[in-house]
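target_33.tsv (TSV, N, CA and C atoms and all ligand atoms) appears below.
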chain	number	residue	atom	x	y	z
A	1	MET	N	0.84	-1.21	0.00
A	1	MET	CA	0.00	0.00	0.00
A	1	MET	C	0.87	1.26	0.00
A	2	ALA	N	0.49	2.20	-0.83
A	2	ALA	CA	1.21	3.48	-0.86
A	2	ALA	C	0.83	4.32	0.37
A	3	ILE	N	1.74	5.16	0.75
A	3	ILE	CA	1.48	6.02	1.90
A	3	ILE	C	0.54	7.15	1.49
A	4	LYS	N	-0.47	7.38	2.33
A	4	LYS	CA	-1.44	8.43	2.01
A	4	LYS	C	-1.14	9.69	2.81
A	5	PHE	N	-1.32	10.82	2.17
A	5	PHE	CA	-1.18	12.08	2.89
A	5	PHE	C	-2.15	13.11	2.33
A	6	LYS	N	-2.27	14.20	3.05
A	6	LYS	CA	-3.23	15.24	2.64
A	6	LYS	C	-2.58	16.25	1.72
A	7	LYS	N	-3.32	16.58	0.67
A	7	LYS	CA	-2.85	17.52	-0.31
A	7	LYS	C	-4.02	18.40	-0.70
A	8	LYS	N	-3.74	19.61	-1.15
A	8	LYS	CA	-4.85	20.46	-1.58
A	8	LYS	C	-5.36	20.01	-2.94
A	9	CYS	N	-6.66	20.12	-3.11
A	9	CYS	CA	-7.29	19.74	-4.37
A	9	CYS	C	-6.67	20.51	-5.53
A	10	ALA	N	-6.37	19.80	-6.62
A	10	ALA	CA	-5.69	20.41	-7.76
A	10	ALA	C	-6.59	21.37	-8.52
A	11	ARG	N	-7.88	21.27	-8.34
A	11	ARG	CA	-8.76	22.15	-9.08
A	11	ARG	C	-9.19	23.38	-8.27
A	12	CYS	N	-9.83	23.16	-7.15
A	12	CYS	CA	-10.35	24.31	-6.39
A	12	CYS	C	-9.30	24.89	-5.43
A	13	ARG	N	-8.29	24.13	-5.12
A	13	ARG	CA	-7.22	24.55	-4.20
A	13	ARG	C	-7.78	25.06	-2.87
A	14	LYS	N	-8.83	24.42	-2.46
A	14	LYS	CA	-9.52	24.85	-1.25
A	14	LYS	C	-9.62	23.68	-0.28
A	15	ASN	N	-10.16	22.58	-0.78
A	15	ASN	CA	-10.35	21.41	0.07
A	15	ASN	C	-9.13	20.51	0.05
A	16	PHE	N	-8.95	19.82	1.16
A	16	PHE	CA	-7.85	18.86	1.22
A	16	PHE	C	-8.33	17.48	0.78
A	17	VAL	N	-7.44	16.76	0.15
A	17	VAL	CA	-7.75	15.42	-0.33
A	17	VAL	C	-6.74	14.45	0.25
A	18	LEU	N	-7.23	13.29	0.59
A	18	LEU	CA	-6.33	12.23	1.02
A	18	LEU	C	-5.81	11.54	-0.24
A	19	THR	N	-4.51	11.60	-0.44
A	19	THR	CA	-4.00	11.10	-1.72
A	19	THR	C	-2.67	10.38	-1.54
A	20	THR	N	-2.13	9.88	-2.62
A	20	THR	CA	-0.82	9.25	-2.59
A	20	THR	C	0.12	10.05	-3.49
A	21	SER	N	1.41	9.82	-3.34
A	21	SER	CA	2.37	10.59	-4.13
A	21	SER	C	2.25	10.28	-5.62
A	22	ARG	N	1.65	9.14	-5.95
A	22	ARG	CA	1.50	8.77	-7.35
A	22	ARG	C	0.42	9.58	-8.06
A	23	ASP	N	-0.52	10.10	-7.26
A	23	ASP	CA	-1.62	10.86	-7.83
A	23	ASP	C	-1.20	12.31	-8.02
A	24	ARG	N	-0.94	12.69	-9.26
A	24	ARG	CA	-0.45	14.04	-9.52
A	24	ARG	C	-1.57	15.05	-9.63
A	25	TYR	N	-2.78	14.59	-9.78
A	25	TYR	CA	-3.88	15.53	-9.94
A	25	TYR	C	-5.02	15.14	-9.00
A	26	PRO	N	-4.78	15.29	-7.70
A	26	PRO	CA	-5.83	14.88	-6.76
A	26	PRO	C	-7.01	15.85	-6.78
A	27	LEU	N	-8.20	15.29	-6.77
A	27	LEU	CA	-9.40	16.13	-6.75
A	27	LEU	C	-10.19	15.85	-5.48
A	28	CYS	N	-10.77	16.89	-4.90
A	28	CYS	CA	-11.63	16.67	-3.74
A	28	CYS	C	-12.95	16.09	-4.24
A	29	TYR	N	-13.74	15.60	-3.32
A	29	TYR	CA	-14.96	14.93	-3.75
A	29	TYR	C	-15.89	15.87	-4.51
A	30	GLU	N	-15.98	17.11	-4.07
A	30	GLU	CA	-16.87	18.07	-4.73
A	30	GLU	C	-16.48	18.28	-6.20
A	31	CYS	N	-15.20	18.45	-6.45
A	31	CYS	CA	-14.72	18.66	-7.82
A	31	CYS	C	-14.87	17.39	-8.65
A	32	GLU	N	-14.56	16.28	-8.02
A	32	GLU	CA	-14.66	15.01	-8.72
A	32	GLU	C	-16.12	14.73	-9.08
A	33	LYS	N	-17.01	15.09	-8.18
A	33	LYS	CA	-18.42	14.85	-8.40
A	33	LYS	C	-18.92	15.59	-9.64
A	34	SER	N	-18.51	16.83	-9.80
A	34	SER	CA	-18.95	17.58	-10.98
A	34	SER	C	-18.39	16.95	-12.25
A	35	GLU	N	-17.21	16.37	-12.13
A	35	GLU	CA	-16.61	15.70	-13.27
A	35	GLU	C	-17.36	14.40	-13.61
A	36	LEU	N	-17.83	13.75	-12.57
A	36	LEU	CA	-18.52	12.46	-12.77
A	36	LEU	C	-19.98	12.64	-13.17
A	37	ASP	N	-20.49	13.84	-12.96
A	37	ASP	CA	-21.90	14.11	-13.21
A	37	ASP	C	-22.17	14.39	-14.68
A	38	GLN	N	-21.86	13.45	-15.52
A	38	GLN	CA	-22.08	13.63	-16.95
A	38	GLN	C	-23.02	12.57	-17.47
A	39	GLU	N	-23.75	12.97	-18.49
A	39	GLU	CA	-24.71	12.05	-19.09
A	39	GLU	C	-23.99	10.90	-19.81
A	40	ILE	N	-24.47	9.67	-19.57
A	40	ILE	CA	-23.90	8.50	-20.25
A	40	ILE	C	-24.89	8.01	-21.29
A	41	GLU	N	-24.40	7.87	-22.51
A	41	GLU	CA	-25.29	7.52	-23.63
A	41	GLU	C	-25.58	6.02	-23.69
A	42	ASP	N	-24.54	5.23	-23.58
A	42	ASP	CA	-24.66	3.78	-23.69
A	42	ASP	C	-25.57	3.23	-22.58
A	43	PRO	N	-26.73	2.64	-22.97
A	43	PRO	CA	-27.68	2.18	-21.94
A	43	PRO	C	-27.11	1.14	-20.98
A	44	GLU	N	-26.24	0.30	-21.50
A	44	GLU	CA	-25.65	-0.73	-20.65
A	44	GLU	C	-24.72	-0.12	-19.60
A	45	MET	N	-23.96	0.86	-20.03
A	45	MET	CA	-23.05	1.55	-19.13
A	45	MET	C	-23.82	2.42	-18.14
A	46	LYS	N	-24.88	3.01	-18.64
A	46	LYS	CA	-25.73	3.85	-17.81
A	46	LYS	C	-26.25	3.03	-16.63
A	47	LYS	N	-26.64	1.80	-16.94
A	47	LYS	CA	-27.15	0.90	-15.92
A	47	LYS	C	-26.05	0.52	-14.93
A	48	LEU	N	-24.87	0.27	-15.47
A	48	LEU	CA	-23.74	-0.11	-14.63
A	48	LEU	C	-23.41	0.98	-13.61
A	49	PHE	N	-23.44	2.22	-14.08
A	49	PHE	CA	-23.04	3.33	-13.21
A	49	PHE	C	-24.19	3.88	-12.38
A	50	ASP	N	-25.36	3.32	-12.56
A	50	ASP	CA	-26.52	3.78	-11.81
A	50	ASP	C	-26.54	3.12	-10.43
A	51	ILE	N	-25.70	3.63	-9.55
A	51	ILE	CA	-25.61	3.11	-8.18
A	51	ILE	C	-25.76	4.28	-7.22
A	52	PRO	N	-26.07	4.01	-5.94
A	52	PRO	CA	-26.24	5.13	-5.00
A	52	PRO	C	-25.00	6.04	-4.96
A	53	GLU	N	-25.24	7.31	-4.90
A	53	GLU	CA	-24.14	8.28	-4.90
A	53	GLU	C	-23.19	8.03	-3.75
A	54	GLU	N	-23.78	7.55	-2.67
A	54	GLU	CA	-23.00	7.23	-1.47
A	54	GLU	C	-21.85	6.27	-1.78
A	55	PHE	N	-22.09	5.33	-2.69
A	55	PHE	CA	-21.05	4.35	-3.05
A	55	PHE	C	-19.86	5.06	-3.68
A	56	TYR	N	-20.16	6.03	-4.53
A	56	TYR	CA	-19.07	6.78	-5.17
A	56	TYR	C	-18.30	7.60	-4.14
A	57	ARG	N	-19.05	8.12	-3.17
A	57	ARG	CA	-18.40	8.96	-2.16
A	57	ARG	C	-17.46	8.12	-1.30
A	58	LYS	N	-17.92	6.92	-0.99
A	58	LYS	CA	-17.14	6.06	-0.11
A	58	LYS	C	-15.97	5.38	-0.80
A	59	ASN	N	-16.11	5.13	-2.08
A	59	ASN	CA	-15.13	4.28	-2.73
A	59	ASN	C	-14.47	4.97	-3.93
A	60	SER	N	-13.19	5.25	-3.79
A	60	SER	CA	-12.49	5.97	-4.86
A	60	SER	C	-12.28	5.09	-6.08
A	61	PHE	N	-12.26	3.77	-5.89
A	61	PHE	CA	-12.12	2.87	-7.04
A	61	PHE	C	-13.30	3.03	-8.00
A	62	LEU	N	-14.52	3.12	-7.44
A	62	LEU	CA	-15.71	3.29	-8.28
A	62	LEU	C	-15.64	4.61	-9.04
A	63	ARG	N	-15.15	5.62	-8.36
A	63	ARG	CA	-15.01	6.93	-9.02
A	63	ARG	C	-13.98	6.87	-10.15
A	64	ASP	N	-12.88	6.18	-9.89
A	64	ASP	CA	-11.83	6.06	-10.91
A	64	ASP	C	-12.35	5.38	-12.16
A	65	ILE	N	-13.11	4.31	-11.96
A	65	ILE	CA	-13.65	3.57	-13.11
A	65	ILE	C	-14.60	4.45	-13.91
A	66	LYS	N	-15.48	5.16	-13.21
A	66	LYS	CA	-16.42	6.02	-13.92
A	66	LYS	C	-15.69	7.15	-14.65
A	67	ARG	N	-14.69	7.68	-13.99
A	67	ARG	CA	-13.93	8.76	-14.60
A	67	ARG	C	-13.19	8.25	-15.84
A	68	ASN	N	-12.64	7.07	-15.74
A	68	ASN	CA	-11.98	6.46	-16.90
A	68	ASN	C	-12.95	6.30	-18.06
A	69	TYR	N	-14.14	5.83	-17.72
A	69	TYR	CA	-15.13	5.62	-18.76
A	69	TYR	C	-15.51	6.94	-19.43
A	70	LEU	N	-15.76	7.96	-18.60
A	70	LEU	CA	-16.16	9.25	-19.14
A	70	LEU	C	-15.06	9.85	-20.01
A	71	ARG	N	-13.84	9.57	-19.65
A	71	ARG	CA	-12.71	10.12	-20.38
A	71	ARG	C	-12.43	9.36	-21.68
A	72	PHE	N	-12.43	8.04	-21.60
A	72	PHE	CA	-12.03	7.24	-22.76
A	72	PHE	C	-13.19	6.49	-23.43
A	73	GLU	N	-14.37	6.54	-22.79
A	73	GLU	CA	-15.54	5.82	-23.30
A	73	GLU	C	-15.26	4.36	-23.58
A	74	ASN	N	-14.43	3.79	-22.76
A	74	ASN	CA	-14.09	2.40	-22.95
A	74	ASN	C	-13.57	1.80	-21.65
A	75	LEU	N	-14.06	0.61	-21.33
A	75	LEU	CA	-13.57	-0.10	-20.15
A	75	LEU	C	-13.27	-1.53	-20.54
A	76	THR	N	-12.30	-2.12	-19.88
A	76	THR	CA	-12.01	-3.53	-20.16
A	76	THR	C	-13.02	-4.39	-19.38
A	77	ASP	N	-13.17	-5.63	-19.82
A	77	ASP	CA	-14.07	-6.56	-19.13
A	77	ASP	C	-13.65	-6.72	-17.68
A	78	LYS	N	-12.36	-6.68	-17.47
A	78	LYS	CA	-11.81	-6.82	-16.13
A	78	LYS	C	-12.25	-5.66	-15.23
A	79	GLN	N	-12.21	-4.45	-15.79
A	79	GLN	CA	-12.63	-3.27	-15.02
A	79	GLN	C	-14.11	-3.33	-14.69
A	80	ILE	N	-14.90	-3.75	-15.68
A	80	ILE	CA	-16.34	-3.85	-15.46
A	80	ILE	C	-16.66	-4.88	-14.39
A	81	ALA	N	-15.98	-6.02	-14.46
A	81	ALA	CA	-16.19	-7.08	-13.48
A	81	ALA	C	-15.80	-6.61	-12.08
A	82	ALA	N	-14.69	-5.88	-11.98
A	82	ALA	CA	-14.24	-5.39	-10.69
A	82	ALA	C	-15.21	-4.36	-10.13
A	83	PHE	N	-15.74	-3.54	-11.02
A	83	PHE	CA	-16.73	-2.53	-10.61
A	83	PHE	C	-17.96	-3.22	-10.02
A	84	LYS	N	-18.48	-4.20	-10.76
A	84	LYS	CA	-19.68	-4.92	-10.32
A	84	LYS	C	-19.45	-5.62	-8.98
A	85	LYS	N	-18.28	-6.22	-8.85
A	85	LYS	CA	-17.93	-6.94	-7.64
A	85	LYS	C	-17.90	-5.99	-6.43
A	86	THR	N	-17.32	-4.82	-6.64
A	86	THR	CA	-17.23	-3.83	-5.57
A	86	THR	C	-18.62	-3.36	-5.15
A	87	VAL	N	-19.47	-3.11	-6.15
A	87	VAL	CA	-20.83	-2.65	-5.86
A	87	VAL	C	-21.60	-3.72	-5.07
A	88	GLU	N	-21.44	-4.98	-5.51
A	88	GLU	CA	-22.10	-6.08	-4.82
A	88	GLU	C	-21.67	-6.16	-3.36
A	89	ARG	N	-20.36	-6.02	-3.16
A	89	ARG	CA	-19.82	-6.09	-1.82
A	89	ARG	C	-20.37	-4.96	-0.93
A	90	MET	N	-20.45	-3.78	-1.52
A	90	MET	CA	-20.94	-2.63	-0.76
A	90	MET	C	-22.43	-2.77	-0.43
A	91	LYS	N	-23.17	-3.35	-1.35
A	91	LYS	CA	-24.60	-3.59	-1.10
A	91	LYS	C	-24.78	-4.54	0.06
A	92	LYS	N	-23.95	-5.56	0.10
A	92	LYS	CA	-24.00	-6.55	1.18
A	92	LYS	C	-23.65	-5.93	2.52
A	93	GLU	N	-22.62	-5.09	2.50
A	93	GLU	CA	-22.17	-4.44	3.72
A	93	GLU	C	-23.27	-3.55	4.28
A	94	GLN	N	-24.03	-2.97	3.35
A	94	GLN	CA	-25.08	-2.07	3.75
A	94	GLN	C	-26.27	-2.82	4.33
A	95	GLY	N	-26.42	-4.08	3.90
A	95	GLY	CA	-27.48	-4.92	4.40
A	95	GLY	C	-28.80	-4.76	3.71
B	1	ZN	ZN	-11.75	20.66	-5.22

Take the structure in this file and express it as structure tokens.
Amino acid sequence: MAIKFKKKCARCRKNFVLTTSRDRYPLCYECEKSELDQEIEDPEMKKLFDIPEEFYRKNSFLRDIKRNYLRFENLTDKQIAAFKKTVERMKKEQG
């Protein structure tokens, strides 16, 4: 595991983000949320990303996957499977 430390958000430079040294462009949740709040055209993908907002807030992996998709409009089967698995796990944890 990489060491985590607090850094100022690269966009608003106001909020602090818990990040790693590998992340050169850390975004706070508020900034990331506006980035993730985009319309998805592909119905299958739309369904995949249609999960409670709370899940995105709690899990940076889910945010990364969605951000990747919005940026490149493409995900590998492995990424999709990992996304689904994480969502399933979080649903179970929630009860
Ligand atoms: Zn920010």

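Scanning chain A with DSSP on the backbone, the strand (DSSP E) assignments fall on Lys4, Phe5, Lys6, Lys7, Lys8, Phe16, Val17, Leu18, Thr19 and Thr20 of chain A.
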
Any residue with an atom at most 8 Å from ligand ZN 1 (chain B) counts, using only N, CA and C atoms and all ligand atoms. Which are they? Put them as number ranges by chain. A: 8-17, 26-32

Would you please work out which residue, of A:Leu36, A:Ala2, A:Leu18, A:Ile65, is nearest to Lys84 (chain A) when using only C-alpha atoms?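 Among A:Leu36, A:Ala2, A:Leu18, A:Ile65, it is A:Ile65 that comes nearest to Lys84 (chain A).
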
Between atom N of Phe72 (chain A) and atom N of Glu54 (chain A) - distance in Å to one decimal: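 Distance between the two atoms: 22.1 Å.
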
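Rounded to one decimal, CA of Gln79 (chain A) and CA of Glu53 (chain A) lie 19.2 Å from each other.
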
Region 13-72 of chain A: residues DSSP assigns to helix (DSSP H, G or I), reported as a ChimeraX atom specification: /A:29-36,43-49,53-58,60-72

Given all atoms listed in the file as the basis, pick out the residue of A:Met45, A:Lys78, A:Thr86, A:Tyr25 nearest to Leu62 (chain A). A:Thr86

From the list A:Lys92, A:Tyr69, A:Lys33, A:Phe83, the nearest residue to Leu48 (chain A) using only N, CA and C atoms is A:Phe83

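Among the candidates A:Arg89, A:Lys46, A:Lys4, A:Arg71, the one nearest to Asn59 (chain A) when counting only C-alpha atoms is A:Arg89.
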
What separation in Å, quoted to one decimal, exists between atom N of Gly95 (chain A) and CA of Glu44 (chain A)? 24.8 Å

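Of the residues under consideration (A:Glu35, A:Glu93, A:Asp42, A:Glu88), A:Glu35 shows the shortest atom-to-atom contact distance to Lys66 (chain A) when counting only N, CA and C atoms.
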